[in-house]
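A.B. asks: Pasting structure_22.tsv below, which is TSV, N, CA and C atoms.
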chain	number	residue	atom	x	y	z
A	54	GLN	N	0.82	-1.18	0.00
A	54	GLN	CA	0.00	0.00	0.00
A	54	GLN	C	0.87	1.26	0.00
A	55	THR	N	1.98	1.23	0.69
A	55	THR	CA	2.86	2.40	0.74
A	55	THR	C	3.38	2.74	-0.65
A	56	PHE	N	3.84	1.74	-1.37
A	56	PHE	CA	4.37	2.00	-2.71
A	56	PHE	C	3.27	2.47	-3.66
A	57	ALA	N	2.06	1.92	-3.51
A	57	ALA	CA	0.96	2.35	-4.36
A	57	ALA	C	0.61	3.81	-4.09
A	58	ASP	N	0.60	4.20	-2.81
A	58	ASP	CA	0.30	5.60	-2.47
A	58	ASP	C	1.36	6.54	-3.02
A	59	LEU	N	2.61	6.17	-2.87
A	59	LEU	CA	3.68	7.04	-3.35
A	59	LEU	C	3.75	7.07	-4.87
A	60	THR	N	3.50	5.95	-5.52
A	60	THR	CA	3.55	5.90	-6.98
A	60	THR	C	2.41	6.71	-7.59
A	61	ASP	N	1.23	6.68	-6.98
A	61	ASP	CA	0.10	7.46	-7.49
A	61	ASP	C	0.29	8.95	-7.28
A	62	GLY	N	1.07	9.33	-6.30
A	62	GLY	CA	1.20	10.75	-5.98
A	62	GLY	C	2.55	11.32	-6.32
A	63	PRO	N	3.37	11.60	-5.32
A	63	PRO	CA	4.59	12.38	-5.52
A	63	PRO	C	5.69	11.67	-6.29
A	64	VAL	N	5.81	10.36	-6.19
A	64	VAL	CA	6.90	9.66	-6.86
A	64	VAL	C	6.65	9.57	-8.36
A	65	ALA	N	5.44	9.87	-8.80
A	65	ALA	CA	5.15	9.88	-10.23
A	65	ALA	C	5.94	10.97	-10.94
A	66	HIS	N	6.42	11.98	-10.20
A	66	HIS	CA	7.19	13.07	-10.79
A	66	HIS	C	8.67	12.75	-10.94
A	67	LEU	N	9.11	11.63	-10.40
A	67	LEU	CA	10.53	11.27	-10.46
A	67	LEU	C	10.83	10.52	-11.75
A	68	PRO	N	11.97	10.52	-12.30
A	68	PRO	CA	13.12	11.36	-11.98
A	68	PRO	C	13.03	12.71	-12.68
A	69	SER	N	13.56	13.71	-12.04
A	69	SER	CA	13.50	15.05	-12.62
A	69	SER	C	14.76	15.42	-13.38
A	70	GLY	N	15.83	14.64	-13.22
A	70	GLY	CA	17.07	14.94	-13.91
A	70	GLY	C	18.11	15.60	-13.03
A	71	HIS	N	17.70	16.04	-11.85
A	71	HIS	CA	18.61	16.66	-10.89
A	71	HIS	C	18.57	15.86	-9.60
A	72	PHE	N	19.74	15.42	-9.15
A	72	PHE	CA	19.81	14.57	-7.97
A	72	PHE	C	19.25	15.29	-6.74
A	73	ALA	N	19.59	16.54	-6.54
A	73	ALA	CA	19.11	17.28	-5.37
A	73	ALA	C	17.59	17.45	-5.39
A	74	ALA	N	17.03	17.69	-6.56
A	74	ALA	CA	15.59	17.82	-6.67
A	74	ALA	C	14.89	16.50	-6.37
A	75	ASN	N	15.45	15.40	-6.87
A	75	ASN	CA	14.89	14.08	-6.58
A	75	ASN	C	14.94	13.78	-5.08
A	76	ALA	N	16.06	14.11	-4.45
A	76	ALA	CA	16.20	13.85	-3.02
A	76	ALA	C	15.21	14.70	-2.21
A	77	ALA	N	15.05	15.95	-2.57
A	77	ALA	CA	14.11	16.82	-1.86
A	77	ALA	C	12.67	16.34	-2.06
A	78	TRP	N	12.33	15.97	-3.28
A	78	TRP	CA	10.97	15.50	-3.58
A	78	TRP	C	10.67	14.22	-2.82
A	79	LEU	N	11.62	13.31	-2.76
A	79	LEU	CA	11.42	12.04	-2.06
A	79	LEU	C	11.33	12.26	-0.55
A	80	THR	N	12.08	13.19	-0.01
A	80	THR	CA	12.00	13.51	1.41
A	80	THR	C	10.64	14.10	1.76
A	81	CYS	N	10.18	15.03	0.95
A	81	CYS	CA	8.85	15.62	1.17
A	81	CYS	C	7.75	14.57	1.05
A	82	ALA	N	7.89	13.65	0.11
A	82	ALA	CA	6.91	12.58	-0.07
A	82	ALA	C	6.86	11.67	1.15
A	83	ALA	N	8.01	11.33	1.71
A	83	ALA	CA	8.05	10.46	2.89
A	83	ALA	C	7.45	11.16	4.10
A	84	ILE	N	7.75	12.43	4.30
A	84	ILE	CA	7.19	13.17	5.43
A	84	ILE	C	5.67	13.26	5.29
A	85	THR	N	5.20	13.59	4.10
A	85	THR	CA	3.76	13.70	3.86
A	85	THR	C	3.06	12.38	4.09
A	86	HIS	N	3.64	11.30	3.60
A	86	HIS	CA	3.05	9.98	3.78
A	86	HIS	C	2.93	9.63	5.26
A	87	ASN	N	3.97	9.89	6.03
A	87	ASN	CA	3.95	9.58	7.46
A	87	ASN	C	2.92	10.43	8.20
A	88	LEU	N	2.81	11.71	7.85
A	88	LEU	CA	1.82	12.58	8.49
A	88	LEU	C	0.39	12.15	8.15
A	89	LEU	N	0.16	11.76	6.89
A	89	LEU	CA	-1.17	11.29	6.50
A	89	LEU	C	-1.54	10.01	7.24
A	90	ARG	N	-0.59	9.08	7.35
A	90	ARG	CA	-0.84	7.82	8.08
A	90	ARG	C	-1.16	8.11	9.53
A	91	ALA	N	-0.44	9.03	10.17
A	91	ALA	CA	-0.70	9.36	11.57
A	91	ALA	C	-2.08	10.00	11.72
A	92	ALA	N	-2.44	10.91	10.82
A	92	ALA	CA	-3.76	11.54	10.88
A	92	ALA	C	-4.86	10.51	10.68
A	93	GLY	N	-4.65	9.56	9.78
A	93	GLY	CA	-5.64	8.51	9.57
A	93	GLY	C	-5.84	7.64	10.79
A	94	CYS	N	-4.75	7.31	11.47
A	94	CYS	CA	-4.85	6.49	12.69
A	94	CYS	C	-5.57	7.25	13.80
A	95	LEU	N	-5.37	8.55	13.88
A	95	LEU	CA	-6.04	9.35	14.90
A	95	LEU	C	-7.52	9.56	14.57
A	96	ALA	N	-7.87	9.54	13.30
A	96	ALA	CA	-9.24	9.86	12.89
A	96	ALA	C	-10.21	8.72	13.19
A	97	SER	N	-9.94	7.53	12.65
A	97	SER	CA	-10.86	6.40	12.84
A	97	SER	C	-10.20	5.12	12.36
A	98	ALA	N	-10.84	4.00	12.66
A	98	ALA	CA	-10.32	2.71	12.21
A	98	ALA	C	-10.40	2.59	10.69
A	99	PHE	N	-11.45	3.16	10.09
A	99	PHE	CA	-11.57	3.14	8.63
A	99	PHE	C	-10.43	3.91	7.99
A	100	HIS	N	-10.13	5.09	8.52
A	100	HIS	CA	-9.09	5.92	7.93
A	100	HIS	C	-7.70	5.38	8.23
A	101	ALA	N	-7.55	4.55	9.24
A	101	ALA	CA	-6.24	3.96	9.53
A	101	ALA	C	-5.82	3.01	8.42
A	102	ARG	N	-6.79	2.43	7.71
A	102	ARG	CA	-6.48	1.50	6.62
A	102	ARG	C	-6.68	2.10	5.23
A	103	ALA	N	-7.13	3.34	5.16
A	103	ALA	CA	-7.46	3.97	3.88
A	103	ALA	C	-6.20	4.34	3.11
A	104	ARG	N	-6.36	4.48	1.80
A	104	ARG	CA	-5.25	4.91	0.94
A	104	ARG	C	-5.02	6.41	1.09
A	105	GLY	N	-3.87	6.86	0.59
A	105	GLY	CA	-3.50	8.26	0.72
A	105	GLY	C	-4.48	9.20	0.05
A	106	ALA	N	-4.99	8.83	-1.12
A	106	ALA	CA	-5.95	9.68	-1.83
A	106	ALA	C	-7.24	9.84	-1.03
A	107	THR	N	-7.68	8.77	-0.38
A	107	THR	CA	-8.88	8.83	0.45
A	107	THR	C	-8.66	9.73	1.65
A	108	LEU	N	-7.48	9.63	2.28
A	108	LEU	CA	-7.18	10.48	3.42
A	108	LEU	C	-7.14	11.95	3.02
A	109	ARG	N	-6.56	12.24	1.87
A	109	ARG	CA	-6.52	13.63	1.41
A	109	ARG	C	-7.93	14.14	1.14
A	110	ARG	N	-8.78	13.29	0.54
A	110	ARG	CA	-10.13	13.70	0.19
A	110	ARG	C	-11.01	13.85	1.43
A	111	HIS	N	-10.85	12.99	2.44
A	111	HIS	CA	-11.72	13.02	3.61
A	111	HIS	C	-11.23	13.93	4.72
A	112	LEU	N	-9.91	14.02	4.93
A	112	LEU	CA	-9.40	14.71	6.10
A	112	LEU	C	-8.63	15.99	5.80
A	113	VAL	N	-8.03	16.10	4.63
A	113	VAL	CA	-7.20	17.26	4.33
A	113	VAL	C	-7.99	18.32	3.57
A	114	GLN	N	-8.75	17.92	2.59
A	114	GLN	CA	-9.54	18.86	1.80
A	114	GLN	C	-10.86	19.13	2.52
A	115	VAL	N	-10.79	19.90	3.59
A	115	VAL	CA	-11.94	20.12	4.46
A	115	VAL	C	-12.78	21.27	3.90
A	116	PRO	N	-14.07	21.05	3.65
A	116	PRO	CA	-14.93	22.12	3.17
A	116	PRO	C	-15.43	22.96	4.34
A	117	ALA	N	-14.54	23.71	4.95
A	117	ALA	CA	-14.89	24.47	6.15
A	117	ALA	C	-14.64	25.96	5.92
A	118	ARG	N	-15.17	26.75	6.85
A	118	ARG	CA	-15.00	28.20	6.80
A	118	ARG	C	-14.35	28.62	8.11
A	119	LEU	N	-13.32	29.44	8.01
A	119	LEU	CA	-12.60	29.93	9.18
A	119	LEU	C	-13.09	31.34	9.49
A	120	ALA	N	-13.51	31.55	10.74
A	120	ALA	CA	-14.01	32.86	11.17
A	120	ALA	C	-13.18	33.36	12.34
A	121	ARG	N	-12.90	34.65	12.34
A	121	ARG	CA	-12.12	35.26	13.43
A	121	ARG	C	-13.08	36.07	14.30
A	122	HIS	N	-13.00	35.82	15.61
A	122	HIS	CA	-13.80	36.56	16.59
A	122	HIS	C	-12.83	37.30	17.50
A	123	GLY	N	-12.78	38.58	17.38
A	123	GLY	CA	-11.85	39.35	18.18
A	123	GLY	C	-10.44	39.24	17.63
A	124	ARG	N	-9.46	39.36	18.50
A	124	ARG	CA	-8.07	39.37	18.05
A	124	ARG	C	-7.44	37.99	17.99
A	125	SER	N	-7.85	37.10	18.86
A	125	SER	CA	-7.13	35.83	18.93
A	125	SER	C	-8.03	34.61	18.81
A	126	HIS	N	-9.31	34.75	18.81
A	126	HIS	CA	-10.23	33.62	18.81
A	126	HIS	C	-10.61	33.24	17.38
A	127	LEU	N	-10.27	32.03	16.98
A	127	LEU	CA	-10.62	31.52	15.65
A	127	LEU	C	-11.64	30.40	15.80
A	128	THR	N	-12.61	30.35	14.89
A	128	THR	CA	-13.62	29.30	14.89
A	128	THR	C	-13.64	28.67	13.50
A	129	LEU	N	-13.64	27.34	13.47
A	129	LEU	CA	-13.72	26.60	12.22
A	129	LEU	C	-15.14	26.07	12.08
A	130	HIS	N	-15.85	26.50	11.07
A	130	HIS	CA	-17.22	26.07	10.84
A	130	HIS	C	-17.23	24.95	9.81
A	131	LEU	N	-17.51	23.73	10.27
A	131	LEU	CA	-17.63	22.58	9.38
A	131	LEU	C	-19.04	22.53	8.81
A	132	PRO	N	-19.22	21.93	7.63
A	132	PRO	CA	-20.57	21.81	7.07
A	132	PRO	C	-21.47	20.98	7.99
A	133	GLU	N	-22.77	21.23	7.93
A	133	GLU	CA	-23.71	20.55	8.83
A	133	GLU	C	-23.77	19.05	8.62
A	134	HIS	N	-23.89	18.60	7.40
A	134	HIS	CA	-24.09	17.18	7.12
A	134	HIS	C	-22.88	16.55	6.45
A	135	TRP	N	-21.70	17.01	6.81
A	135	TRP	CA	-20.47	16.47	6.24
A	135	TRP	C	-20.22	15.10	6.85
A	136	PRO	N	-20.12	14.03	6.06
A	136	PRO	CA	-20.03	12.68	6.62
A	136	PRO	C	-18.73	12.38	7.36
A	137	TRP	N	-17.69	13.13	7.11
A	137	TRP	CA	-16.40	12.84	7.75
A	137	TRP	C	-16.11	13.75	8.93
A	138	ALA	N	-17.09	14.50	9.39
A	138	ALA	CA	-16.88	15.41	10.51
A	138	ALA	C	-16.48	14.69	11.80
A	139	PRO	N	-17.11	13.57	12.18
A	139	PRO	CA	-16.66	12.89	13.42
A	139	PRO	C	-15.21	12.42	13.35
A	140	ALA	N	-14.80	11.89	12.21
A	140	ALA	CA	-13.41	11.43	12.08
A	140	ALA	C	-12.45	12.61	12.12
A	141	TRP	N	-12.80	13.70	11.44
A	141	TRP	CA	-11.93	14.88	11.44
A	141	TRP	C	-11.83	15.47	12.83
A	142	LEU	N	-12.96	15.55	13.54
A	142	LEU	CA	-12.94	16.09	14.90
A	142	LEU	C	-12.17	15.19	15.85
A	143	SER	N	-12.24	13.88	15.63
A	143	SER	CA	-11.47	12.95	16.46
A	143	SER	C	-9.97	13.19	16.30
A	144	ALA	N	-9.52	13.34	15.07
A	144	ALA	CA	-8.10	13.60	14.82
A	144	ALA	C	-7.71	14.98	15.36
A	145	PHE	N	-8.57	15.97	15.18
A	145	PHE	CA	-8.25	17.31	15.66
A	145	PHE	C	-8.16	17.35	17.18
A	146	GLN	N	-9.10	16.71	17.87
A	146	GLN	CA	-9.10	16.72	19.33
A	146	GLN	C	-7.95	15.89	19.90
A	147	ALA	N	-7.44	14.92	19.15
A	147	ALA	CA	-6.30	14.13	19.62
A	147	ALA	C	-5.02	14.97	19.65
A	148	VAL	N	-4.88	15.89	18.70
A	148	VAL	CA	-3.66	16.69	18.67
A	148	VAL	C	-3.85	18.06	19.31
A	149	HIS	N	-5.09	18.51	19.45
A	149	HIS	CA	-5.37	19.82	20.03
A	149	HIS	C	-6.59	19.68	20.93
A	150	PRO	N	-6.38	19.37	22.22
A	150	PRO	CA	-7.53	19.18	23.11
A	150	PRO	C	-8.32	20.48	23.27
A	151	PRO	N	-9.59	20.36	23.64
A	151	PRO	CA	-10.40	21.56	23.80
A	151	PRO	C	-9.85	22.45	24.92
A	152	PRO	N	-10.14	23.75	24.86
A	152	PRO	CA	-9.62	24.65	25.90
A	152	PRO	C	-10.25	24.34	27.26
A	153	ALA	N	-9.54	24.69	28.30
A	153	ALA	CA	-10.04	24.46	29.65
A	153	ALA	C	-11.23	25.37	29.92
A	154	ALA	N	-12.17	24.86	30.71
A	154	ALA	CA	-13.35	25.64	31.03
A	154	ALA	C	-12.98	26.81	31.94
A	155	ALA	N	-13.57	27.94	31.67
A	155	ALA	CA	-13.32	29.13	32.49
A	155	ALA	C	-14.08	29.01	33.80
A	156	ALA	N	-13.44	29.38	34.89
A	156	ALA	CA	-14.08	29.26	36.22
A	156	ALA	C	-14.94	30.44	36.53
Kindly return the structure encoded in the file as structure tokens.
C.D. replies:
Amino acid sequence: QTFADLTDGPVAHLPSGHFAANAAWLTCAAITHNLLRAAGCLASAFHARARGATLRRHLVQVPARLARHGRSHLTLHLPEHWPWAPAWLSAFQAVHPPPAAAA
């Protein structure tokens, strides 16, 4: 599955003819693959086994709107009936827990 994900995406651009460019592209591809796999594992059991294209479509390409309230407060508005909202929120809350309640 790893080779299929890389071949369908970033490794399809290799070779470029320059060794340094190939090395940089391959390094970026490996980092991206590892981050996508980690996000998939945090999101749900389905996404832990999903291919890279599915992870990008469900978790990275988020149809959301970012709103700023005041100087430092940001709110992300997810669509109402978006089917991947629970998985996305699970991954988001795993890396960024909700703020502490004000006393």
A.B. asks: Would you list the contacts of His111 in chain A as a PyMOL selection string, taking every protein, DNA or RNA residue within 12 Å and counting only C-alpha atoms, but skipping same-chain residues closer than 2 positions in sequence?
C.D. replies: chain A and resi 89+92-93+96-97+99-100+103-109+113-116+135-142+144
A.B. asks: Please produce an output containing N, CA and C atoms for each residue in the selection, written as a PDB file, keeping the file's coordinate frame.
C.D. replies:
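Output below, filename selection.pdb:
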ATOM      1  N   LEU A  89       0.160  11.760   6.890  1.00  0.00           N
ATOM      2  CA  LEU A  89      -1.170  11.290   6.500  1.00  0.00           C
ATOM      3  C   LEU A  89      -1.540  10.010   7.240  1.00  0.00           C
ATOM      4  N   ALA A  92      -2.440  10.910  10.820  1.00  0.00           N
ATOM      5  CA  ALA A  92      -3.760  11.540  10.880  1.00  0.00           C
ATOM      6  C   ALA A  92      -4.860  10.510  10.680  1.00  0.00           C
ATOM      7  N   GLY A  93      -4.650   9.560   9.780  1.00  0.00           N
ATOM      8  CA  GLY A  93      -5.640   8.510   9.570  1.00  0.00           C
ATOM      9  C   GLY A  93      -5.840   7.640  10.790  1.00  0.00           C
ATOM     10  N   ALA A  96      -7.870   9.540  13.300  1.00  0.00           N
ATOM     11  CA  ALA A  96      -9.240   9.860  12.890  1.00  0.00           C
ATOM     12  C   ALA A  96     -10.210   8.720  13.190  1.00  0.00           C
ATOM     13  N   SER A  97      -9.940   7.530  12.650  1.00  0.00           N
ATOM     14  CA  SER A  97     -10.860   6.400  12.840  1.00  0.00           C
ATOM     15  C   SER A  97     -10.200   5.120  12.360  1.00  0.00           C
ATOM     16  N   PHE A  99     -11.450   3.160  10.090  1.00  0.00           N
ATOM     17  CA  PHE A  99     -11.570   3.140   8.630  1.00  0.00           C
ATOM     18  C   PHE A  99     -10.430   3.910   7.990  1.00  0.00           C
ATOM     19  N   HIS A 100     -10.130   5.090   8.520  1.00  0.00           N
ATOM     20  CA  HIS A 100      -9.090   5.920   7.930  1.00  0.00           C
ATOM     21  C   HIS A 100      -7.700   5.380   8.230  1.00  0.00           C
ATOM     22  N   ALA A 103      -7.130   3.340   5.160  1.00  0.00           N
ATOM     23  CA  ALA A 103      -7.460   3.970   3.880  1.00  0.00           C
ATOM     24  C   ALA A 103      -6.200   4.340   3.110  1.00  0.00           C
ATOM     25  N   ARG A 104      -6.360   4.480   1.800  1.00  0.00           N
ATOM     26  CA  ARG A 104      -5.250   4.910   0.940  1.00  0.00           C
ATOM     27  C   ARG A 104      -5.020   6.410   1.090  1.00  0.00           C
ATOM     28  N   GLY A 105      -3.870   6.860   0.590  1.00  0.00           N
ATOM     29  CA  GLY A 105      -3.500   8.260   0.720  1.00  0.00           C
ATOM     30  C   GLY A 105      -4.480   9.200   0.050  1.00  0.00           C
ATOM     31  N   ALA A 106      -4.990   8.830  -1.120  1.00  0.00           N
ATOM     32  CA  ALA A 106      -5.950   9.680  -1.830  1.00  0.00           C
ATOM     33  C   ALA A 106      -7.240   9.840  -1.030  1.00  0.00           C
ATOM     34  N   THR A 107      -7.680   8.770  -0.380  1.00  0.00           N
ATOM     35  CA  THR A 107      -8.880   8.830   0.450  1.00  0.00           C
ATOM     36  C   THR A 107      -8.660   9.730   1.650  1.00  0.00           C
ATOM     37  N   LEU A 108      -7.480   9.630   2.280  1.00  0.00           N
ATOM     38  CA  LEU A 108      -7.180  10.480   3.420  1.00  0.00           C
ATOM     39  C   LEU A 108      -7.140  11.950   3.020  1.00  0.00           C
ATOM     40  N   ARG A 109      -6.560  12.240   1.870  1.00  0.00           N
ATOM     41  CA  ARG A 109      -6.520  13.630   1.410  1.00  0.00           C
ATOM     42  C   ARG A 109      -7.930  14.140   1.140  1.00  0.00           C
ATOM     43  N   VAL A 113      -8.030  16.100   4.630  1.00  0.00           N
ATOM     44  CA  VAL A 113      -7.200  17.260   4.330  1.00  0.00           C
ATOM     45  C   VAL A 113      -7.990  18.320   3.570  1.00  0.00           C
ATOM     46  N   GLN A 114      -8.750  17.920   2.590  1.00  0.00           N
ATOM     47  CA  GLN A 114      -9.540  18.860   1.800  1.00  0.00           C
ATOM     48  C   GLN A 114     -10.860  19.130   2.520  1.00  0.00           C
ATOM     49  N   VAL A 115     -10.790  19.900   3.590  1.00  0.00           N
ATOM     50  CA  VAL A 115     -11.940  20.120   4.460  1.00  0.00           C
ATOM     51  C   VAL A 115     -12.780  21.270   3.900  1.00  0.00           C
ATOM     52  N   PRO A 116     -14.070  21.050   3.650  1.00  0.00           N
ATOM     53  CA  PRO A 116     -14.930  22.120   3.170  1.00  0.00           C
ATOM     54  C   PRO A 116     -15.430  22.960   4.340  1.00  0.00           C
ATOM     55  N   TRP A 135     -21.700  17.010   6.810  1.00  0.00           N
ATOM     56  CA  TRP A 135     -20.470  16.470   6.240  1.00  0.00           C
ATOM     57  C   TRP A 135     -20.220  15.100   6.850  1.00  0.00           C
ATOM     58  N   PRO A 136     -20.120  14.030   6.060  1.00  0.00           N
ATOM     59  CA  PRO A 136     -20.030  12.680   6.620  1.00  0.00           C
ATOM     60  C   PRO A 136     -18.730  12.380   7.360  1.00  0.00           C
ATOM     61  N   TRP A 137     -17.690  13.130   7.110  1.00  0.00           N
ATOM     62  CA  TRP A 137     -16.400  12.840   7.750  1.00  0.00           C
ATOM     63  C   TRP A 137     -16.110  13.750   8.930  1.00  0.00           C
ATOM     64  N   ALA A 138     -17.090  14.500   9.390  1.00  0.00           N
ATOM     65  CA  ALA A 138     -16.880  15.410  10.510  1.00  0.00           C
ATOM     66  C   ALA A 138     -16.480  14.690  11.800  1.00  0.00           C
ATOM     67  N   PRO A 139     -17.110  13.570  12.180  1.00  0.00           N
ATOM     68  CA  PRO A 139     -16.660  12.890  13.420  1.00  0.00           C
ATOM     69  C   PRO A 139     -15.210  12.420  13.350  1.00  0.00           C
ATOM     70  N   ALA A 140     -14.800  11.890  12.210  1.00  0.00           N
ATOM     71  CA  ALA A 140     -13.410  11.430  12.080  1.00  0.00           C
ATOM     72  C   ALA A 140     -12.450  12.610  12.120  1.00  0.00           C
ATOM     73  N   TRP A 141     -12.800  13.700  11.440  1.00  0.00           N
ATOM     74  CA  TRP A 141     -11.930  14.880  11.440  1.00  0.00           C
ATOM     75  C   TRP A 141     -11.830  15.470  12.830  1.00  0.00           C
ATOM     76  N   LEU A 142     -12.960  15.550  13.540  1.00  0.00           N
ATOM     77  CA  LEU A 142     -12.940  16.090  14.900  1.00  0.00           C
ATOM     78  C   LEU A 142     -12.170  15.190  15.850  1.00  0.00           C
ATOM     79  N   ALA A 144      -9.520  13.340  15.070  1.00  0.00           N
ATOM     80  CA  ALA A 144      -8.100  13.600  14.820  1.00  0.00           C
ATOM     81  C   ALA A 144      -7.710  14.980  15.360  1.00  0.00           C
TER      82      ALA A 144
END
A.B. asks: Among range 64-138 of chain A, which residues does DSSP mark as alpha helix (DSSP H) when it is run on the backbone? Keep the chain and numbering as in the structure and answer as a ChimeraX atom specification.
C.D. replies: /A:72-96,98-101,105-108,138
A.B. asks: Considering only C-alpha atoms, state which residue in the set A:Trp78, A:Ser125, A:Asp61, A:Leu112 is at the smallest distance from Arg90 in chain A.
C.D. replies: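 Nearest candidate to Arg90 in chain A out of A:Trp78, A:Ser125, A:Asp61, A:Leu112: A:Leu112.
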A.B. asks: Excluding Thr128 in chain A and residues on its chain fewer than 6 positions from it, collect all residues at most 6.5 Å away from it, counting all atoms listed in the file, and give them as a ChimeraX atom specification.
C.D. replies: /A:118-122
A.B. asks: Limited to N, CA and C atoms, could you put the picked residues into a file as a PDB file, in the coordinates of the input?
C.D. replies:
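Saved to out_4.pdb:
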ATOM      1  N   ARG A 118     -15.170  26.750   6.850  1.00  0.00           N
ATOM      2  CA  ARG A 118     -15.000  28.200   6.800  1.00  0.00           C
ATOM      3  C   ARG A 118     -14.350  28.620   8.110  1.00  0.00           C
ATOM      4  N   LEU A 119     -13.320  29.440   8.010  1.00  0.00           N
ATOM      5  CA  LEU A 119     -12.600  29.930   9.180  1.00  0.00           C
ATOM      6  C   LEU A 119     -13.090  31.340   9.490  1.00  0.00           C
ATOM      7  N   ALA A 120     -13.510  31.550  10.740  1.00  0.00           N
ATOM      8  CA  ALA A 120     -14.010  32.860  11.170  1.00  0.00           C
ATOM      9  C   ALA A 120     -13.180  33.360  12.340  1.00  0.00           C
ATOM     10  N   ARG A 121     -12.900  34.650  12.340  1.00  0.00           N
ATOM     11  CA  ARG A 121     -12.120  35.260  13.430  1.00  0.00           C
ATOM     12  C   ARG A 121     -13.080  36.070  14.300  1.00  0.00           C
ATOM     13  N   HIS A 122     -13.000  35.820  15.610  1.00  0.00           N
ATOM     14  CA  HIS A 122     -13.800  36.560  16.590  1.00  0.00           C
ATOM     15  C   HIS A 122     -12.830  37.300  17.500  1.00  0.00           C
TER      16      HIS A 122
END
A.B. asks: So that I can check the secondary structure, give me every residue of chain A assigned strand (DSSP E) by backbone DSSP, as a PyMOL selection string.
C.D. replies: chain A and resi 118-122+126-130
A.B. asks: In Å to one decimal, how far is CA of Leu67 in chain A from CA of Leu79 in chain A?
C.D. replies: 8.5 Å
A.B. asks: For a test of reading the model, state the distance in Å between atom N of Gly70 in chain A and CA of Phe56 in chain A, rounded to one decimal.
C.D. replies: 20.0 Å
A.B. asks: From the set A:Ala147, A:His130, A:Pro63, A:Leu88, which residue has the shortest atom-to-atom contact distance to Ala76 in chain A, counting only C-alpha atoms?
C.D. replies: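 Among A:Ala147, A:His130, A:Pro63, A:Leu88, it is A:Pro63 that comes nearest to Ala76 in chain A.
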A.B. asks: Please compute the atom N of Leu59 in chain A-CA of Ala117 in chain A distance, one decimal, in Å.
C.D. replies: 26.9 Å
A.B. asks: Kindly output range 130-134 of chain A as a PDB file, in the frame of the given file, after building all heavy atoms.
C.D. replies:
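Produced file out.pdb, reproduced below:
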ATOM      1  N   HIS A 130     -15.850  26.500  11.070  1.00  0.00           N
ATOM      2  CA  HIS A 130     -17.220  26.070  10.840  1.00  0.00           C
ATOM      3  C   HIS A 130     -17.230  24.950   9.810  1.00  0.00           C
ATOM      4  O   HIS A 130     -16.997  25.174   8.622  1.00  0.00           O
ATOM      5  CB  HIS A 130     -18.077  27.239  10.324  1.00  0.00           C
ATOM      6  CG  HIS A 130     -18.211  28.357  11.299  1.00  0.00           C
ATOM      7  ND1 HIS A 130     -19.056  28.302  12.372  1.00  0.00           N
ATOM      8  CD2 HIS A 130     -17.589  29.560  11.362  1.00  0.00           C
ATOM      9  CE1 HIS A 130     -18.974  29.428  13.060  1.00  0.00           C
ATOM     10  NE2 HIS A 130     -18.080  30.209  12.469  1.00  0.00           N
ATOM     11  N   LEU A 131     -17.510  23.730  10.270  1.00  0.00           N
ATOM     12  CA  LEU A 131     -17.630  22.580   9.380  1.00  0.00           C
ATOM     13  C   LEU A 131     -19.040  22.530   8.810  1.00  0.00           C
ATOM     14  O   LEU A 131     -19.985  23.024   9.431  1.00  0.00           O
ATOM     15  CB  LEU A 131     -17.334  21.287  10.144  1.00  0.00           C
ATOM     16  CG  LEU A 131     -15.924  21.136  10.700  1.00  0.00           C
ATOM     17  CD1 LEU A 131     -15.837  19.894  11.568  1.00  0.00           C
ATOM     18  CD2 LEU A 131     -14.911  21.067   9.593  1.00  0.00           C
ATOM     19  N   PRO A 132     -19.220  21.930   7.630  1.00  0.00           N
ATOM     20  CA  PRO A 132     -20.570  21.810   7.070  1.00  0.00           C
ATOM     21  C   PRO A 132     -21.470  20.980   7.990  1.00  0.00           C
ATOM     22  O   PRO A 132     -21.003  20.097   8.716  1.00  0.00           O
ATOM     23  CB  PRO A 132     -20.344  21.091   5.744  1.00  0.00           C
ATOM     24  CG  PRO A 132     -18.921  21.301   5.425  1.00  0.00           C
ATOM     25  CD  PRO A 132     -18.204  21.416   6.724  1.00  0.00           C
ATOM     26  N   GLU A 133     -22.770  21.230   7.930  1.00  0.00           N
ATOM     27  CA  GLU A 133     -23.710  20.550   8.830  1.00  0.00           C
ATOM     28  C   GLU A 133     -23.770  19.050   8.620  1.00  0.00           C
ATOM     29  O   GLU A 133     -23.738  18.276   9.564  1.00  0.00           O
ATOM     30  CB  GLU A 133     -25.111  21.142   8.659  1.00  0.00           C
ATOM     31  CG  GLU A 133     -25.257  22.516   9.233  1.00  0.00           C
ATOM     32  CD  GLU A 133     -26.686  23.007   9.124  1.00  0.00           C
ATOM     33  OE1 GLU A 133     -27.606  22.172   9.155  1.00  0.00           O
ATOM     34  OE2 GLU A 133     -26.857  24.216   8.984  1.00  0.00           O
ATOM     35  N   HIS A 134     -23.890  18.600   7.400  1.00  0.00           N
ATOM     36  CA  HIS A 134     -24.090  17.180   7.120  1.00  0.00           C
ATOM     37  C   HIS A 134     -22.880  16.550   6.450  1.00  0.00           C
ATOM     38  O   HIS A 134     -23.013  15.633   5.635  1.00  0.00           O
ATOM     39  CB  HIS A 134     -25.332  16.985   6.237  1.00  0.00           C
ATOM     40  CG  HIS A 134     -26.566  17.569   6.852  1.00  0.00           C
ATOM     41  ND1 HIS A 134     -27.146  17.036   7.983  1.00  0.00           N
ATOM     42  CD2 HIS A 134     -27.304  18.652   6.536  1.00  0.00           C
ATOM     43  CE1 HIS A 134     -28.192  17.753   8.308  1.00  0.00           C
ATOM     44  NE2 HIS A 134     -28.318  18.748   7.442  1.00  0.00           N
TER      45      HIS A 134
END
